[in-house]
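Coordinates as given in final.cif (mmCIF, C-alpha atoms):
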```
data_start
#
loop_
_atom_site.group_PDB
_atom_site.id
_atom_site.type_symbol
_atom_site.label_atom_id
_atom_site.label_comp_id
_atom_site.auth_asym_id
_atom_site.auth_seq_id
_atom_site.Cartn_x
_atom_site.Cartn_y
_atom_site.Cartn_z
ATOM 1 C CA MET A 1 15.481 3.610 28.057
ATOM 2 C CA LYS A 2 13.026 2.371 30.615
ATOM 3 C CA GLN A 3 9.741 4.033 31.365
ATOM 4 C CA LYS A 4 8.975 4.478 35.067
ATOM 5 C CA SER A 5 6.269 2.253 36.469
ATOM 6 C CA ARG A 6 2.988 3.952 37.359
ATOM 7 C CA THR A 7 0.918 1.242 39.013
ATOM 8 C CA GLN A 8 -0.131 2.732 42.345
ATOM 9 C CA THR A 9 -3.050 5.138 42.118
ATOM 10 C CA LYS A 10 -3.426 7.929 44.640
ATOM 11 C CA THR A 11 -6.755 9.524 45.509
ATOM 12 C CA ARG A 12 -7.673 11.834 42.671
ATOM 13 C CA PRO A 13 -7.439 15.513 43.674
ATOM 14 C CA LYS A 14 -10.159 17.958 42.688
ATOM 15 C CA ASP A 15 -7.702 19.756 40.427
ATOM 16 C CA VAL A 16 -5.819 17.004 38.613
ATOM 17 C CA ASP A 17 -2.082 17.512 39.068
ATOM 18 C CA MET A 18 1.004 15.929 37.561
ATOM 19 C CA GLU A 19 1.867 13.958 40.678
ATOM 20 C CA TRP A 20 -1.536 12.235 40.661
ATOM 21 C CA LEU A 21 -1.337 11.478 36.941
ATOM 22 C CA ALA A 22 2.175 10.059 37.326
ATOM 23 C CA ALA A 23 0.938 7.670 40.037
ATOM 24 C CA THR A 24 -2.103 6.580 38.015
ATOM 25 C CA PRO A 25 -2.233 3.869 35.298
ATOM 26 C CA PRO A 26 -2.868 5.423 31.840
ATOM 27 C CA TRP A 27 -6.176 3.600 31.444
ATOM 28 C CA GLU A 28 -7.462 5.477 34.498
ATOM 29 C CA TRP A 29 -6.432 8.923 33.309
ATOM 30 C CA PRO A 30 -9.244 11.446 32.785
ATOM 31 C CA LYS A 31 -10.213 12.341 29.224
ATOM 32 C CA ASN A 32 -8.419 15.657 29.437
ATOM 33 C CA ALA A 33 -5.069 14.138 30.486
ATOM 34 C CA GLY A 34 -3.564 14.777 27.073
ATOM 35 C CA GLU A 35 -4.628 18.423 27.219
ATOM 36 C CA LYS A 36 -3.031 18.712 30.660
ATOM 37 C CA PHE A 37 0.272 17.346 29.331
ATOM 38 C CA GLN A 38 0.222 19.738 26.390
ATOM 39 C CA GLU A 39 -0.512 22.642 28.705
ATOM 40 C CA VAL A 40 2.423 21.833 30.968
ATOM 41 C CA LEU A 41 4.827 21.082 28.113
ATOM 42 C CA THR A 42 4.149 24.386 26.385
ATOM 43 C CA ASP A 43 4.324 26.408 29.604
ATOM 44 C CA VAL A 44 7.958 27.474 29.943
ATOM 45 C CA GLY A 45 7.056 28.796 33.377
ATOM 46 C CA ALA A 46 6.037 25.368 34.647
ATOM 47 C CA SER A 47 8.429 23.570 36.984
ATOM 48 C CA ALA A 48 11.155 21.477 35.398
ATOM 49 C CA SER A 49 9.900 18.395 37.226
ATOM 50 C CA ASP A 50 6.343 18.843 35.948
ATOM 51 C CA ARG A 51 7.502 19.333 32.364
ATOM 52 C CA LEU A 52 9.683 16.245 32.614
ATOM 53 C CA LEU A 53 6.772 14.181 33.941
ATOM 54 C CA ALA A 54 4.493 15.539 31.217
ATOM 55 C CA ALA A 55 7.052 14.621 28.551
ATOM 56 C CA GLU A 56 7.319 11.088 29.924
ATOM 57 C CA MET A 57 3.567 10.507 30.009
ATOM 58 C CA ALA A 58 2.840 12.310 26.736
ATOM 59 C CA GLY A 59 4.305 9.402 24.787
ATOM 60 C CA ASP A 60 1.759 6.900 26.084
ATOM 61 C CA THR A 61 -0.484 5.619 23.305
ATOM 62 C CA VAL A 62 -3.520 6.605 25.389
ATOM 63 C CA VAL A 63 -2.817 10.301 24.780
ATOM 64 C CA VAL A 64 -0.280 10.615 21.962
ATOM 65 C CA ASN A 65 -1.508 12.038 18.658
ATOM 66 C CA ASP A 66 -0.252 14.316 15.888
ATOM 67 C CA GLU A 67 -0.648 17.456 17.998
ATOM 68 C CA MET A 68 1.215 15.944 20.937
ATOM 69 C CA VAL A 69 3.996 14.749 18.659
ATOM 70 C CA GLU A 70 4.429 18.251 17.242
ATOM 71 C CA ILE A 71 4.897 19.609 20.759
ATOM 72 C CA LEU A 72 7.390 16.887 21.674
ATOM 73 C CA MET A 73 9.404 17.448 18.505
ATOM 74 C CA GLY A 74 9.330 21.184 19.112
ATOM 75 C CA ILE A 75 10.967 20.747 22.516
ATOM 76 C CA LEU A 76 13.424 18.164 21.223
ATOM 77 C CA GLY A 77 14.605 20.512 18.483
ATOM 78 C CA ARG A 78 15.196 23.505 20.771
ATOM 79 C CA ALA A 79 18.791 23.987 21.911
ATOM 80 C CA ASP A 80 17.664 26.227 24.788
ATOM 81 C CA GLU A 81 15.570 23.497 26.429
ATOM 82 C CA ALA A 82 17.020 21.398 29.255
ATOM 83 C CA GLU A 83 19.031 18.401 28.083
ATOM 84 C CA GLU A 84 17.122 15.938 30.280
ATOM 85 C CA LEU A 85 13.780 17.222 28.981
ATOM 86 C CA ARG A 86 14.915 16.970 25.357
ATOM 87 C CA ALA A 87 16.147 13.422 25.977
ATOM 88 C CA GLN A 88 12.775 12.428 27.459
ATOM 89 C CA THR A 89 10.815 13.908 24.553
ATOM 90 C CA ALA A 90 12.917 11.816 22.186
ATOM 91 C CA ILE A 91 12.150 8.617 24.103
ATOM 92 C CA SER A 92 8.466 9.531 24.231
ATOM 93 C CA LEU A 93 8.295 9.509 20.442
ATOM 94 C CA GLY A 94 9.246 5.809 20.470
ATOM 95 C CA PRO A 95 5.826 4.280 21.281
ATOM 96 C CA ALA A 96 4.131 6.229 18.478
ATOM 97 C CA LEU A 97 6.782 5.090 16.011
ATOM 98 C CA GLU A 98 6.483 1.468 17.103
ATOM 99 C CA SER A 99 2.679 1.545 16.938
ATOM 100 C CA ALA A 100 2.877 2.953 13.412
ATOM 101 C CA GLU A 101 5.508 0.419 12.374
ATOM 102 C CA LEU A 102 3.500 -2.554 13.636
ATOM 103 C CA GLY A 103 0.000 -1.241 13.031
ATOM 104 C CA ASP A 104 -2.178 -0.492 10.023
ATOM 105 C CA PHE A 105 -3.035 3.092 9.119
ATOM 106 C CA ASP A 106 -6.200 1.849 7.415
ATOM 107 C CA ASP A 107 -7.420 0.069 10.540
ATOM 108 C CA GLU A 108 -10.742 1.630 11.477
ATOM 109 C CA ILE A 109 -10.271 0.638 15.120
ATOM 110 C CA GLY A 110 -7.498 3.194 15.314
ATOM 111 C CA SER A 111 -4.600 1.049 16.495
ATOM 112 C CA VAL A 112 -2.132 3.650 15.189
ATOM 113 C CA PRO A 113 -2.374 6.858 17.250
ATOM 114 C CA ILE A 114 -0.693 9.115 14.662
ATOM 115 C CA SER A 115 -1.238 9.797 10.967
ATOM 116 C CA GLU A 116 0.909 8.245 8.260
ATOM 117 C CA GLU A 117 2.132 11.700 7.334
ATOM 118 C CA MET A 118 3.251 12.352 10.919
ATOM 119 C CA PHE A 119 4.960 8.953 11.043
ATOM 120 C CA GLY A 120 7.182 9.936 8.131
ATOM 121 C CA LYS A 121 7.764 13.383 9.610
ATOM 122 C CA ILE A 122 9.019 11.920 12.902
ATOM 123 C CA GLN A 123 11.389 9.580 11.091
ATOM 124 C CA ARG A 124 12.874 12.342 8.947
ATOM 125 C CA PHE A 125 13.158 14.691 11.921
ATOM 126 C CA LEU A 126 14.977 12.176 14.120
ATOM 127 C CA GLN A 127 17.373 11.181 11.356
ATOM 128 C CA VAL A 128 18.361 14.788 10.673
ATOM 129 C CA LEU A 129 18.670 15.632 14.353
ATOM 130 C CA TYR A 130 20.720 12.534 15.149
ATOM 131 C CA HIS A 131 23.354 13.470 12.596
ATOM 132 C CA GLU A 132 23.701 16.972 14.031
ATOM 133 C CA GLN A 133 26.950 16.701 15.988
ATOM 134 C CA SER A 134 26.141 19.695 18.201
ATOM 135 C CA ILE A 135 23.284 17.783 19.842
ATOM 136 C CA PRO A 136 24.231 16.728 23.409
ATOM 137 C CA LYS A 137 25.339 13.118 23.824
ATOM 138 C CA LEU A 138 22.400 12.060 25.992
ATOM 139 C CA VAL A 139 19.887 13.534 23.568
ATOM 140 C CA ARG A 140 21.534 11.856 20.558
ATOM 141 C CA ARG A 141 21.532 8.519 22.365
ATOM 142 C CA ARG A 142 17.844 8.828 23.145
ATOM 143 C CA ILE A 143 17.097 9.824 19.555
ATOM 144 C CA LEU A 144 18.716 6.621 18.315
ATOM 145 C CA GLU A 145 16.956 4.530 20.959
ATOM 146 C CA ALA A 146 13.589 5.978 19.960
ATOM 147 C CA SER A 147 14.050 5.958 16.202
ATOM 148 C CA VAL A 148 14.976 2.261 15.960
ATOM 149 C CA ARG A 149 11.396 1.424 16.981
ATOM 150 C CA ALA A 150 10.699 1.862 13.255
ATOM 151 C CA GLN A 151 13.800 0.627 11.445
ATOM 152 C CA GLN A 152 15.375 2.647 8.652
ATOM 153 C CA ASP A 153 18.427 2.035 6.494
ATOM 154 C CA TRP A 154 20.625 4.520 8.373
ATOM 155 C CA HIS A 155 20.226 2.680 11.661
ATOM 156 C CA VAL A 156 22.681 -0.124 10.864
ATOM 157 C CA ASP A 157 25.608 2.256 10.365
ATOM 158 C CA ALA A 158 24.539 4.375 13.337
ATOM 159 C CA ILE A 159 24.493 1.343 15.627
ATOM 160 C CA ARG A 160 27.843 0.081 14.369
ATOM 161 C CA GLU A 161 29.367 3.514 14.920
ATOM 162 C CA ALA A 162 27.883 3.806 18.408
ATOM 163 C CA TYR A 163 29.088 0.311 19.336
ATOM 164 C CA ALA A 164 32.623 1.004 18.111
ATOM 165 C CA ARG A 165 33.053 4.339 19.901
ATOM 166 C CA GLY A 166 34.759 2.846 22.929
ATOM 167 C CA ASP A 167 32.284 4.713 25.117
ATOM 168 C CA ARG A 168 30.312 2.710 27.663
ATOM 169 C CA ASP A 169 27.123 4.763 27.363
ATOM 170 C CA TRP A 170 27.118 4.620 23.586
ATOM 171 C CA LYS A 171 27.684 0.857 23.740
ATOM 172 C CA LEU A 172 24.661 0.536 26.037
ATOM 173 C CA THR A 173 22.555 2.448 23.512
ATOM 174 C CA ALA A 174 23.889 0.361 20.632
ATOM 175 C CA VAL A 175 23.087 -2.961 22.319
ATOM 176 C CA PHE A 176 19.626 -1.676 23.223
ATOM 177 C CA ALA A 177 19.063 -0.788 19.568
ATOM 178 C CA MET A 178 20.144 -4.255 18.460
ATOM 179 C CA ARG A 179 16.896 -5.719 19.770
ATOM 180 C CA TYR A 180 15.081 -3.796 17.010
ATOM 181 C CA VAL A 181 17.572 -3.947 14.136
ATOM 182 C CA ARG A 182 18.815 -7.194 12.611
ATOM 183 C CA GLY A 183 22.383 -8.021 11.637
ATOM 184 C CA PHE A 184 24.183 -7.879 15.005
ATOM 185 C CA GLU A 185 24.205 -11.476 16.245
ATOM 186 C CA PRO A 186 28.009 -11.571 16.833
ATOM 187 C CA GLU A 187 27.863 -8.357 18.858
ATOM 188 C CA ILE A 188 24.915 -9.605 20.895
ATOM 189 C CA LEU A 189 26.709 -12.837 21.744
ATOM 190 C CA GLU A 190 29.835 -10.897 22.676
ATOM 191 C CA GLU A 191 27.921 -8.629 25.065
ATOM 192 C CA LEU A 192 26.319 -11.605 26.795
ATOM 193 C CA LYS A 193 29.795 -11.937 28.323
ATOM 194 C CA SER A 194 29.806 -8.344 29.534
ATOM 195 C CA THR A 195 30.525 -7.694 33.198
ATOM 196 C CA ASP A 196 28.488 -4.490 32.936
ATOM 197 C CA GLU A 197 25.071 -5.593 34.143
ATOM 198 C CA GLU A 198 23.085 -3.013 32.183
ATOM 199 C CA ILE A 199 24.781 -3.972 28.932
ATOM 200 C CA HIS A 200 24.387 -7.653 29.783
ATOM 201 C CA ILE A 201 20.644 -7.181 30.322
ATOM 202 C CA GLU A 202 20.251 -5.320 27.030
ATOM 203 C CA ALA A 203 22.148 -8.110 25.260
ATOM 204 C CA VAL A 204 19.742 -10.657 26.769
ATOM 205 C CA HIS A 205 16.751 -8.649 25.526
ATOM 206 C CA ALA A 206 18.351 -8.337 22.101
ATOM 207 C CA ALA A 207 19.067 -12.069 21.951
ATOM 208 C CA GLY A 208 15.444 -12.827 22.672
ATOM 209 C CA SER A 209 14.051 -10.251 20.274
ATOM 210 C CA GLN A 210 16.318 -11.394 17.446
ATOM 211 C CA GLU A 211 15.856 -15.081 18.308
ATOM 212 C CA VAL A 212 19.580 -15.748 18.621
ATOM 213 C CA ASP A 213 19.634 -19.517 19.118
ATOM 214 C CA ALA A 214 23.283 -19.508 20.163
ATOM 215 C CA ALA A 215 22.267 -17.500 23.242
ATOM 216 C CA TRP A 216 19.865 -20.154 24.559
ATOM 217 C CA ALA A 217 22.413 -22.010 26.711
ATOM 218 C CA HIS A 218 23.528 -18.753 28.326
ATOM 219 C CA LEU A 219 19.958 -17.811 29.218
ATOM 220 C CA TRP A 220 19.273 -21.304 30.511
ATOM 221 C CA GLY A 221 22.261 -20.956 32.819
ATOM 222 C CA ILE A 222 21.037 -17.613 34.185
ATOM 223 C CA ILE A 223 17.573 -18.944 34.932
ATOM 224 C CA HIS A 224 18.857 -22.031 36.686
ATOM 225 C CA LYS A 225 21.232 -20.077 38.944
ATOM 226 C CA PRO A 226 18.934 -17.350 40.320
ATOM 227 C CA SER A 227 21.006 -16.907 43.480
ATOM 228 C CA GLU A 228 23.989 -15.885 41.349
ATOM 229 C CA THR A 229 22.267 -13.175 39.345
ATOM 230 C CA SER A 230 20.243 -10.029 39.851
ATOM 231 C CA LYS A 231 16.485 -10.103 39.567
ATOM 232 C CA ASP A 232 16.495 -7.727 36.595
ATOM 233 C CA LEU A 233 18.800 -10.036 34.663
ATOM 234 C CA LEU A 234 16.752 -13.072 35.664
ATOM 235 C CA LEU A 235 13.507 -11.500 34.443
ATOM 236 C CA ALA A 236 15.154 -10.475 31.171
ATOM 237 C CA ALA A 237 16.363 -14.052 30.612
ATOM 238 C CA ILE A 238 12.909 -15.480 31.359
ATOM 239 C CA LEU A 239 11.278 -13.152 28.840
ATOM 240 C CA ALA A 240 13.901 -13.867 26.187
ATOM 241 C CA ILE A 241 14.369 -17.627 26.328
ATOM 242 C CA GLY A 242 10.912 -18.631 25.148
ATOM 243 C CA ASN A 243 11.258 -16.409 22.119
ATOM 244 C CA ILE A 244 14.373 -18.290 21.051
ATOM 245 C CA ARG A 245 13.154 -21.855 21.486
ATOM 246 C CA GLN A 246 9.774 -23.413 22.091
ATOM 247 C CA ASP A 247 11.077 -26.914 22.809
ATOM 248 C CA THR A 248 9.828 -29.126 25.634
ATOM 249 C CA ASP A 249 12.633 -28.259 28.076
ATOM 250 C CA THR A 250 12.114 -24.512 27.669
ATOM 251 C CA LEU A 251 8.332 -24.637 27.958
ATOM 252 C CA GLU A 252 8.424 -26.971 30.971
ATOM 253 C CA MET A 253 10.871 -24.665 32.738
ATOM 254 C CA LEU A 254 8.713 -21.592 32.038
ATOM 255 C CA ASN A 255 5.600 -23.464 33.092
ATOM 256 C CA ASP A 256 7.253 -24.281 36.437
ATOM 257 C CA LEU A 257 8.213 -20.635 36.916
ATOM 258 C CA VAL A 258 4.599 -19.537 36.475
ATOM 259 C CA ASP A 259 4.003 -21.155 39.882
ATOM 260 C CA SER A 260 6.770 -19.104 41.508
ATOM 261 C CA LYS A 261 5.858 -17.353 44.761
ATOM 262 C CA ASP A 262 7.617 -14.283 43.376
ATOM 263 C CA GLN A 263 4.933 -12.398 41.455
ATOM 264 C CA ASP A 264 7.409 -10.718 39.104
ATOM 265 C CA ILE A 265 8.937 -14.045 38.116
ATOM 266 C CA SER A 266 5.522 -15.659 37.721
ATOM 267 C CA GLU A 267 4.279 -12.840 35.501
ATOM 268 C CA ALA A 268 7.451 -12.851 33.400
ATOM 269 C CA ALA A 269 7.163 -16.605 32.816
ATOM 270 C CA ASP A 270 3.494 -16.255 31.943
ATOM 271 C CA GLU A 271 4.284 -13.504 29.445
ATOM 272 C CA ALA A 272 7.117 -15.578 27.975
ATOM 273 C CA LEU A 273 4.786 -18.537 27.457
ATOM 274 C CA SER A 274 2.222 -16.279 25.842
ATOM 275 C CA MET A 275 4.797 -14.803 23.461
ATOM 276 C CA ALA A 276 5.979 -18.312 22.630
ATOM 277 C CA GLY A 277 2.437 -19.222 21.591
ATOM 278 C CA ALA A 278 2.273 -21.842 24.314
ATOM 279 C CA TYR A 279 -1.257 -21.095 25.427
ATOM 280 C CA THR A 280 -4.358 -22.404 23.737
ATOM 281 C CA GLU A 281 -7.457 -20.284 23.288
ATOM 282 C CA PHE A 282 -9.975 -20.586 26.106
ATOM 283 C CA ASP A 283 -12.481 -23.372 25.435
ATOM 284 C CA GLU A 284 -15.647 -22.807 27.452
ATOM 285 C CA ASP A 285 -17.128 -26.211 26.609
ATOM 286 C CA ALA A 286 -13.996 -27.967 27.838
ATOM 287 C CA TYR A 287 -14.000 -25.856 30.970
ATOM 288 C CA LEU A 288 -17.582 -26.808 31.763
ATOM 289 C CA LYS A 289 -16.589 -30.454 31.415
ATOM 290 C CA ASP A 290 -13.770 -29.931 33.934
ATOM 291 C CA GLU A 291 -11.176 -30.393 31.237
ATOM 292 C CA ASP A 292 -8.040 -28.358 30.563
ATOM 293 C CA ALA A 293 -9.736 -25.395 28.899
ATOM 294 C CA SER A 294 -6.656 -23.292 28.416
ATOM 295 C CA GLY A 295 -3.037 -23.157 29.437
ATOM 296 C CA TRP A 296 0.311 -24.555 28.519
ATOM 297 C CA ILE A 297 0.413 -26.799 25.461
ATOM 298 C CA ASN A 298 1.864 -30.146 26.531
#
```
Rewrite the coordinates I just gave you, this time as structure tokens.
Amino acid sequence: MKQKSRTQTKTRPKDVDMEWLAATPPWEWPKNAGEKFQEVLTDVGASASDRLLAAEMAGDTVVVNDEMVEILMGILGRADEAEELRAQTAISLGPALESAELGDFDDEIGSVPISEEMFGKIQRFLQVLYHEQSIPKLVRRRILEASVRAQQDWHVDAIREAYARGDRDWKLTAVFAMRYVRGFEPEILEELKSTDEEIHIEAVHAAGSQEVDAAWAHLWGIIHKPSETSKDLLLAAILAIGNIRQDTDTLEMLNDLVDSKDQDISEAADEALSMAGAYTEFDEDAYLKDEDASGWIN
């Protein structure tokens, strides 16, 4: 469900390779990065590790387009491809779906990296493939996790079924999907009690995304007892709480965390404040007068 971080850039080799691209932020990729990914993905003789890396990076909005999507779907639909590779291609379709769901196909700036026709094709393809029982469990889970980025009617039943399976992995997928699909507040609140940390974290994300007010006290407790929780859970709670409430207590707490010496915590609090709409637009005139030009709204 998580994409690997690629924040440390190595010296670029003369012949761009997958290892260098994987260690380089997408905005620093060369113009032919997408072509490189397509080349590796379609080369059945390429190493499994290179194809897996190419599949992971191919979903980035910097390089994804209709042609790339066709290649990803082609691998996903092939029973003779490695299960891990098929699972990754499914996940890599998620960003394109989400961009299309949130964007505007008529936007001349090109905020949606795929065509409207391809958007519908991906949705239909994933729905059909998900309901094929012969598909390996991991691949089906990833298909559901990717497809919920653009909600469809079938998702509600699919999530309920996955949640009720009595299978830990399927429950993890179901709770992850609940952050994108409405109608699961009771289940989200129930999984905030989970002793499985991964499920607990996904429930926190879902609570924030769905603005579950009844989860606020739980998140508040996590944030105020950092020594009793993992960092991943703490960061998830920070990101979620400001989306649920924008009251004085919440905003003051997040504002204090922005000053944390821990960069991850500081950045999470800053992002939470931004998502909560707690920053004003920069005012150059006020800045020149040594006033509070931008920042937290008191």
Shell of 12 Å around range 205-217 of chain A, all atoms listed in the file, local chain residues under 6 positions omitted, as an MDAnalysis selection string | chainID A and resid 172:193 198:199 223:224 232:247 249:250 272 275:276
Between A:Glu56, A:Glu35, A:Asp43, A:Asp264, which is the closest to Ala90 in chain A once you count only C-alpha atoms?
-> A:Glu56
Would you compute the box with edges along x, y and z of the file around range 53-64 of chain A, including every atom the file lists for it and 5 Å extra on each side, and give its centre and edge lengths in Å to one decimal, as JSON?
```
{"center_x": 1.9, "center_y": 10.6, "center_z": 28.0, "size_x": 20.8, "size_y": 19.9, "size_z": 22.0}
```
Contacts of Gln88 in chain A at 7 Å or less, counting all atoms listed in the file, minus same-chain residues fewer than 4 places along, as a list of chain:residue names?
-> A:Ala55, A:Glu56, A:Glu84, A:Ser92
Got time to write the residues from that selection, C-alpha atoms, as a JSON list (two decimals), keeping the file's coordinate frame?
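Below you can see out18.json, which holds the result:
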```json
[["chain", "number", "residue", "atom", "x", "y", "z"],
["A", 55, "ALA", "CA", 7.05, 14.62, 28.55],
["A", 56, "GLU", "CA", 7.32, 11.09, 29.92],
["A", 84, "GLU", "CA", 17.12, 15.94, 30.28],
["A", 92, "SER", "CA", 8.47, 9.53, 24.23]]
```
Among listed residues A:Ser47, A:Ser115, A:Asn32, A:Ser194, nearest Glu67 in chain A (using all atoms listed in the file) |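 Checking each candidate against Glu67 in chain A, we get A:Ser115 as the closest.
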Which is closer to Gly34 in chain A than all the others in A:Trp154, A:Ile222, A:Ala79, A:Met68, using only C-alpha atoms?
-> A:Met68
Counting all atoms listed in the file, the residue of A:Val204, A:Val44, A:Ile159, A:Ile122 that sits nearest Glu81 in chain A |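 Distance minimum relative to Glu81 in chain A lands on A:Val44.
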Between CA of Leu52 in chain A and CA of Ile135 in chain A, what is the spacing in Å?
->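 Value for the CA of Ile135 in chain A-CA of Leu52 in chain A distance: 18.7 Å.
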Selection: 6 Å around Val258 in chain A, all atoms listed in the file, excl. self and same-chain fewer than 2 positions, as a PyMOL selection string | chain A and resi 255-256+260+266+269-270
Where does the PyMOL selection byres ((chain A and resi 131) around 12) land in this file, that is, which residues does it pick, as a compact mmCIF listing (two decimals) with C-alpha atoms, in the coordinates of the input?
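Saved the output as selection-v5.txt:
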```
# COMPACT_ATOMS: atom_id res chain seq x y z
CA ARG A 124 12.87 12.34 8.95
CA PHE A 125 13.16 14.69 11.92
CA LEU A 126 14.98 12.18 14.12
CA GLN A 127 17.37 11.18 11.36
CA VAL A 128 18.36 14.79 10.67
CA LEU A 129 18.67 15.63 14.35
CA TYR A 130 20.72 12.53 15.15
CA GLU A 132 23.70 16.97 14.03
CA GLN A 133 26.95 16.70 15.99
CA SER A 134 26.14 19.70 18.20
CA ILE A 135 23.28 17.78 19.84
CA PRO A 136 24.23 16.73 23.41
CA LYS A 137 25.34 13.12 23.82
CA VAL A 139 19.89 13.53 23.57
CA ARG A 140 21.53 11.86 20.56
CA ARG A 141 21.53 8.52 22.36
CA ILE A 143 17.10 9.82 19.56
CA LEU A 144 18.72 6.62 18.32
CA TRP A 154 20.62 4.52 8.37
CA HIS A 155 20.23 2.68 11.66
CA ASP A 157 25.61 2.26 10.36
CA ALA A 158 24.54 4.38 13.34
CA GLU A 161 29.37 3.51 14.92
```
Pick from A:Glu28, A:Glu117, A:Asp153, A:Glu252 nearest to Val69 in chain A, counting all atoms listed in the file |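 The shortest atom-to-atom distance to Val69 in chain A comes from A:Glu117.
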Regenerate range 79-94 of chain A at the level of N, CA and C atoms and dump it as a compact mmCIF listing (two decimals), keeping the file's coordinate frame.
```txt
# COMPACT_ATOMS: atom_id res chain seq x y z
N ALA A 79 17.51 24.06 21.20
CA ALA A 79 18.79 23.99 21.91
C ALA A 79 18.73 24.65 23.28
N ASP A 80 17.74 25.53 23.51
CA ASP A 80 17.66 26.23 24.79
C ASP A 80 16.84 25.47 25.83
N GLU A 81 16.30 24.32 25.46
CA GLU A 81 15.57 23.50 26.43
C GLU A 81 16.56 22.63 27.21
N ALA A 82 16.15 22.22 28.40
CA ALA A 82 17.02 21.40 29.26
C ALA A 82 17.34 20.07 28.57
N GLU A 83 18.58 19.64 28.73
CA GLU A 83 19.03 18.40 28.08
C GLU A 83 18.19 17.19 28.50
N GLU A 84 17.90 17.08 29.79
CA GLU A 84 17.12 15.94 30.28
C GLU A 84 15.72 15.94 29.69
N LEU A 85 15.11 17.12 29.56
CA LEU A 85 13.78 17.22 28.98
C LEU A 85 13.80 16.84 27.50
N ARG A 86 14.80 17.31 26.78
CA ARG A 86 14.92 16.97 25.36
C ARG A 86 15.10 15.46 25.19
N ALA A 87 15.91 14.87 26.05
CA ALA A 87 16.15 13.42 25.98
C ALA A 87 14.85 12.65 26.20
N GLN A 88 14.04 13.11 27.17
CA GLN A 88 12.78 12.43 27.46
C GLN A 88 11.78 12.58 26.31
N THR A 89 11.74 13.75 25.69
CA THR A 89 10.82 13.91 24.55
C THR A 89 11.19 12.98 23.41
N ALA A 90 12.48 12.75 23.23
CA ALA A 90 12.92 11.82 22.19
C ALA A 90 12.39 10.42 22.48
N ILE A 91 12.61 9.94 23.71
CA ILE A 91 12.15 8.62 24.10
C ILE A 91 10.64 8.50 23.96
N SER A 92 9.92 9.57 24.27
CA SER A 92 8.47 9.53 24.23
C SER A 92 7.91 9.45 22.82
N LEU A 93 8.73 9.68 21.83
CA LEU A 93 8.30 9.51 20.44
C LEU A 93 8.35 8.03 20.03
N GLY A 94 9.07 7.22 20.80
CA GLY A 94 9.25 5.81 20.47
C GLY A 94 7.97 5.01 20.36
```
